[in-house]
>>> print(open('query16.txt').read())   # compact mmCIF, C-alpha atoms
# COMPACT_ATOMS: atom_id res chain seq x y z
CA MET A 1 15.50 46.85 -6.83
CA LYS A 2 12.20 46.43 -8.65
CA ASN A 3 13.72 43.64 -10.78
CA LYS A 4 14.92 41.81 -7.66
CA SER A 5 11.38 41.89 -6.23
CA CYS A 6 9.93 40.57 -9.49
CA TYR A 7 12.49 37.76 -9.66
CA LEU A 8 11.87 36.86 -6.02
CA ALA A 9 8.08 36.78 -6.53
CA LEU A 10 8.53 34.69 -9.68
CA ALA A 11 10.86 32.26 -7.85
CA ILE A 12 8.40 31.88 -4.96
CA THR A 13 5.50 31.28 -7.37
CA ALA A 14 7.53 28.71 -9.31
CA GLY A 15 8.49 26.99 -6.04
CA ILE A 16 4.85 26.76 -4.99
CA VAL A 17 3.80 25.36 -8.39
CA VAL A 18 6.61 22.76 -8.31
CA SER A 19 5.71 21.80 -4.72
CA ILE A 20 2.03 21.32 -5.58
CA TYR A 21 2.92 19.26 -8.65
CA ALA A 22 5.37 17.09 -6.67
CA TYR A 23 2.80 16.56 -3.89
CA THR A 24 0.10 15.42 -6.33
CA GLN A 25 2.53 13.02 -8.01
CA ILE A 26 4.02 11.58 -4.82
CA LYS A 27 0.82 11.32 -2.74
CA PRO A 28 -0.75 8.50 -4.84
CA ALA A 29 2.43 6.44 -4.41
CA PHE A 30 2.16 6.76 -0.63
CA ALA A 31 -1.56 5.98 -0.68
CA PHE A 32 -0.80 2.79 -2.61
CA THR A 33 1.47 1.42 0.11
CA LYS A 34 -0.21 2.94 3.17
CA GLU A 35 -0.86 0.33 5.81
CA MET A 36 -3.84 0.06 8.12
CA SER A 37 -3.93 -2.12 11.20
CA CYS A 38 -6.90 -2.39 13.49
CA GLN A 39 -8.57 -4.67 15.98
CA SER A 40 -12.23 -5.40 16.56
CA ARG A 41 -14.21 -7.54 18.98
CA HIS A 42 -17.36 -9.19 17.75
CA THR A 43 -19.95 -11.36 19.49
CA LEU A 44 -22.41 -13.46 17.52
CA ILE A 45 -25.29 -15.39 19.07
CA HIS A 46 -27.19 -17.83 16.89
CA ASP A 47 -29.40 -20.56 18.35
CA ASN A 48 -27.16 -22.54 20.75
CA LEU A 49 -23.89 -21.02 19.50
CA THR A 50 -22.13 -17.98 20.92
CA LEU A 51 -18.98 -16.67 19.25
CA ASP A 52 -16.89 -14.17 21.19
CA VAL A 53 -13.95 -13.28 18.96
CA ASN A 54 -11.19 -10.68 18.61
CA TYR A 55 -10.22 -9.92 15.01
CA GLY A 56 -7.02 -8.22 13.95
CA PHE A 57 -6.81 -6.76 10.44
CA THR A 58 -3.70 -5.57 8.62
CA PHE A 59 -3.91 -4.10 5.11
CA GLY A 60 -0.95 -2.80 3.12
CA ASN A 61 0.54 -2.95 -0.37
CA HIS A 62 -2.19 -5.32 -1.64
CA GLN A 63 -1.42 -7.93 1.04
CA GLY A 64 -3.09 -8.46 4.37
CA GLU A 65 -3.55 -10.63 7.39
CA LEU A 66 -6.54 -11.44 9.54
CA THR A 67 -5.93 -12.90 13.00
CA ILE A 68 -8.83 -14.58 14.75
CA HIS A 69 -8.72 -15.36 18.48
CA GLY A 70 -11.83 -16.29 20.40
CA VAL A 71 -14.14 -18.83 21.94
CA ALA A 72 -17.12 -20.63 20.47
CA THR A 73 -19.62 -21.91 23.01
CA GLU A 74 -22.19 -24.40 21.77
CA ASN A 75 -24.44 -26.42 24.08
CA ASN A 76 -22.14 -25.51 27.00
CA GLN A 77 -19.08 -26.89 25.14
CA HIS A 78 -16.22 -24.45 24.56
CA ALA A 79 -13.89 -24.47 21.55
CA GLN A 80 -10.92 -22.13 21.08
CA ILE A 81 -10.65 -20.37 17.72
CA ARG A 82 -7.06 -19.42 16.91
CA ARG A 83 -6.08 -18.87 13.29
CA ILE A 84 -4.42 -16.51 10.86
CA VAL A 85 -5.68 -15.88 7.33
CA SER A 86 -3.12 -14.36 4.95
CA PHE A 87 -4.68 -12.72 1.92
CA SER A 88 -4.11 -10.56 -1.11
CA TYR A 89 -6.55 -7.85 -2.07
CA ALA A 90 -7.56 -5.56 -4.87
CA LYS A 91 -9.45 -2.32 -4.35
CA ASN A 92 -12.11 -1.25 -6.83
CA SER A 93 -14.41 1.75 -6.25
CA GLY A 94 -13.88 1.63 -2.49
CA VAL A 95 -14.61 -2.10 -2.27
CA TYR A 96 -11.86 -4.52 -1.30
CA ILE A 97 -11.84 -7.98 -2.86
CA LEU A 98 -9.96 -10.21 -0.40
CA HIS A 99 -8.50 -13.53 -1.61
CA SER A 100 -7.35 -15.99 1.07
CA GLN A 101 -3.90 -17.36 0.25
CA ARG A 102 -2.85 -19.19 3.39
CA LEU A 103 -4.62 -20.40 6.51
CA GLU A 104 -2.67 -21.16 9.65
CA SER A 105 -4.31 -22.81 12.63
CA LEU A 106 -2.47 -21.76 15.77
CA SER A 107 -1.71 -23.94 18.76
CA GLY A 108 -4.88 -24.62 20.70
CA ASP A 109 -7.27 -24.11 17.78
CA GLU A 110 -10.31 -26.34 18.31
CA SER A 111 -12.62 -24.83 15.71
CA ASP A 112 -12.84 -28.11 13.75
CA GLU A 113 -14.54 -29.64 16.80
CA SER A 114 -17.46 -27.20 16.60
CA SER A 115 -19.85 -25.81 14.00
CA VAL A 116 -18.10 -22.42 14.09
CA ASN A 117 -17.09 -22.49 10.41
CA ALA A 118 -20.75 -22.66 9.38
CA HIS A 119 -21.08 -19.11 10.73
CA PHE A 120 -18.09 -17.67 8.85
CA PRO A 121 -17.69 -16.95 5.15
CA ALA A 122 -15.49 -19.60 3.48
CA PHE A 123 -12.72 -16.97 3.24
CA PHE A 124 -12.21 -17.36 7.01
CA TYR A 125 -11.49 -21.11 6.93
CA GLU A 126 -10.48 -22.12 3.35
CA THR A 127 -7.65 -21.00 1.11
CA GLY A 128 -8.44 -19.75 -2.37
CA LYS A 129 -11.74 -18.12 -1.34
CA ASP A 130 -12.82 -14.52 -1.87
CA THR A 131 -14.88 -12.12 0.18
CA LEU A 132 -15.84 -8.50 -0.37
CA VAL A 133 -15.47 -5.80 2.26
CA LYS A 134 -15.91 -2.08 2.26
CA ILE A 135 -13.98 0.11 4.66
CA GLU A 136 -15.42 3.48 5.58
CA ARG A 137 -14.54 5.87 8.37
CA ASP A 138 -17.11 7.17 10.82
CA LYS A 139 -17.32 10.77 12.03
CA PHE A 140 -14.49 10.05 14.50
CA ASN A 141 -12.25 8.75 11.67
CA THR A 142 -12.52 5.19 13.00
CA PRO A 143 -12.52 2.45 10.33
CA VAL A 144 -15.74 0.47 10.00
CA ILE A 145 -15.52 -2.73 7.95
CA TYR A 146 -18.69 -3.72 6.12
CA MET A 147 -19.52 -7.21 4.87
CA GLN A 148 -22.66 -7.83 2.83
CA MET A 149 -23.35 -4.06 3.09
CA MET A 150 -23.67 -4.38 6.87
CA PRO A 151 -21.22 -2.85 9.37
CA VAL A 152 -19.60 -5.82 11.08
CA PHE A 153 -16.27 -4.63 12.49
CA TYR A 154 -15.77 -1.31 14.29
CA CYS A 155 -11.99 -1.12 14.37
CA LYS A 156 -9.60 0.33 16.91
CA THR A 157 -6.56 1.44 14.91
CA PHE A 158 -2.92 1.22 15.92
CA SER A 159 -0.24 3.72 14.98
>>> encode(input="query16.txt", output="structure tokens")
Amino acid sequence: MKNKSCYLALAITAGIVVSIYAYTQIKPAFAFTKEMSCQSRHTLIHDNLTLDVNYGFTFGNHQGELTIHGVATENNQHAQIRRIVSFSYAKNSGVYILHSQRLESLSGDESDESSVNAHFPAFFYETGKDTLVKIERDKFNTPVIYMQMMPVFYCKTFS
């Protein structure tokens, strides 16, 4: 009876050790491919220009997409902004290096008719451009995307 108890305790201990080892080996693989999708609304006012834009971010498996839908108002003239930026990214020390691979202007995009691009980093309107972002979570676990070390996008995540 005493031997059965020892063998059972040894089997349980071995099972726990194997489970912990498997978890630590499998978890990094899941973290590598984990996807994050979120949406943020941002308003920028500069001189005679007002940008009111919704941004959608998707990150996963070193690829991502940024959707931009909004309105630029300049000197009482309105221009629709409707585009998708497809990008690849690398993560280094918590900083994401985004590289724009494809830019798609959607139907109704009028951003070329305004000075809106002067207020975006080149990554937002040219292919082959890079930008750096840092993503941190606030005390409510909500992603905050920083550009130039400044919080720019407070993201609402989607499951």
>>> residues_around(input="query16.txt", residues="Asp130 of chain A", least_positions_apart="3", cutoff="8 Å", atoms="only C-alpha atoms", output="mmCIF file with C-alpha atoms, in the frame of the given file")
data_model
loop_
_atom_site.group_PDB
_atom_site.id
_atom_site.type_symbol
_atom_site.label_atom_id
_atom_site.label_comp_id
_atom_site.auth_asym_id
_atom_site.auth_seq_id
_atom_site.Cartn_x
_atom_site.Cartn_y
_atom_site.Cartn_z
ATOM 1 C CA ILE A 97 -11.840 -7.980 -2.860
ATOM 2 C CA LEU A 98 -9.960 -10.210 -0.400
ATOM 3 C CA HIS A 99 -8.500 -13.530 -1.610
ATOM 4 C CA SER A 100 -7.350 -15.990 1.070
ATOM 5 C CA ALA A 122 -15.490 -19.600 3.480
ATOM 6 C CA PHE A 123 -12.720 -16.970 3.240
#
>>> residues_around(input="query16.txt", residues="segment 131-136 of chain A", least_positions_apart="3", cutoff="12 Å", atoms="only C-alpha atoms", output="number ranges by chain")
A: 36, 38, 57, 59, 87-100, 120-128, 139-155
>>> atom_distance(input="query16.txt", atom1="atom CA of Ala118 of chain A", atom2="atom CA of Asn54 of chain A")
17.9 Å
>>> closest_residue(input="query16.txt", among="A:Gln39, A:Asp47, A:Gly64, A:Asn117", to="Ala79 of chain A", atoms="all atoms listed in the file")
A:Asn117
>>> closest_residue(input="query16.txt", among="A:Leu44, A:Val71, A:Leu51, A:Val85", to="Asp109 of chain A", atoms="all atoms listed in the file")
A:Val71
>>> closest_residue(input="query16.txt", among="A:Ser114, A:Ser107, A:His69, A:Tyr55", to="Lys156 of chain A", atoms="all atoms listed in the file")
A:Tyr55
>>> closest_residue(input="query16.txt", among="A:Ile84, A:His119, A:Ser111, A:Glu35", to="Phe158 of chain A", atoms="only C-alpha atoms")
A:Glu35
>>> atom_distance(input="query16.txt", atom1="atom CA of Val53 of chain A", atom2="atom CA of Asp112 of chain A")
15.8 Å
>>> closest_residue(input="query16.txt", among="A:Gly108, A:Arg102, A:Glu74, A:Thr50", to="Lys129 of chain A", atoms="only C-alpha atoms")
A:Arg102
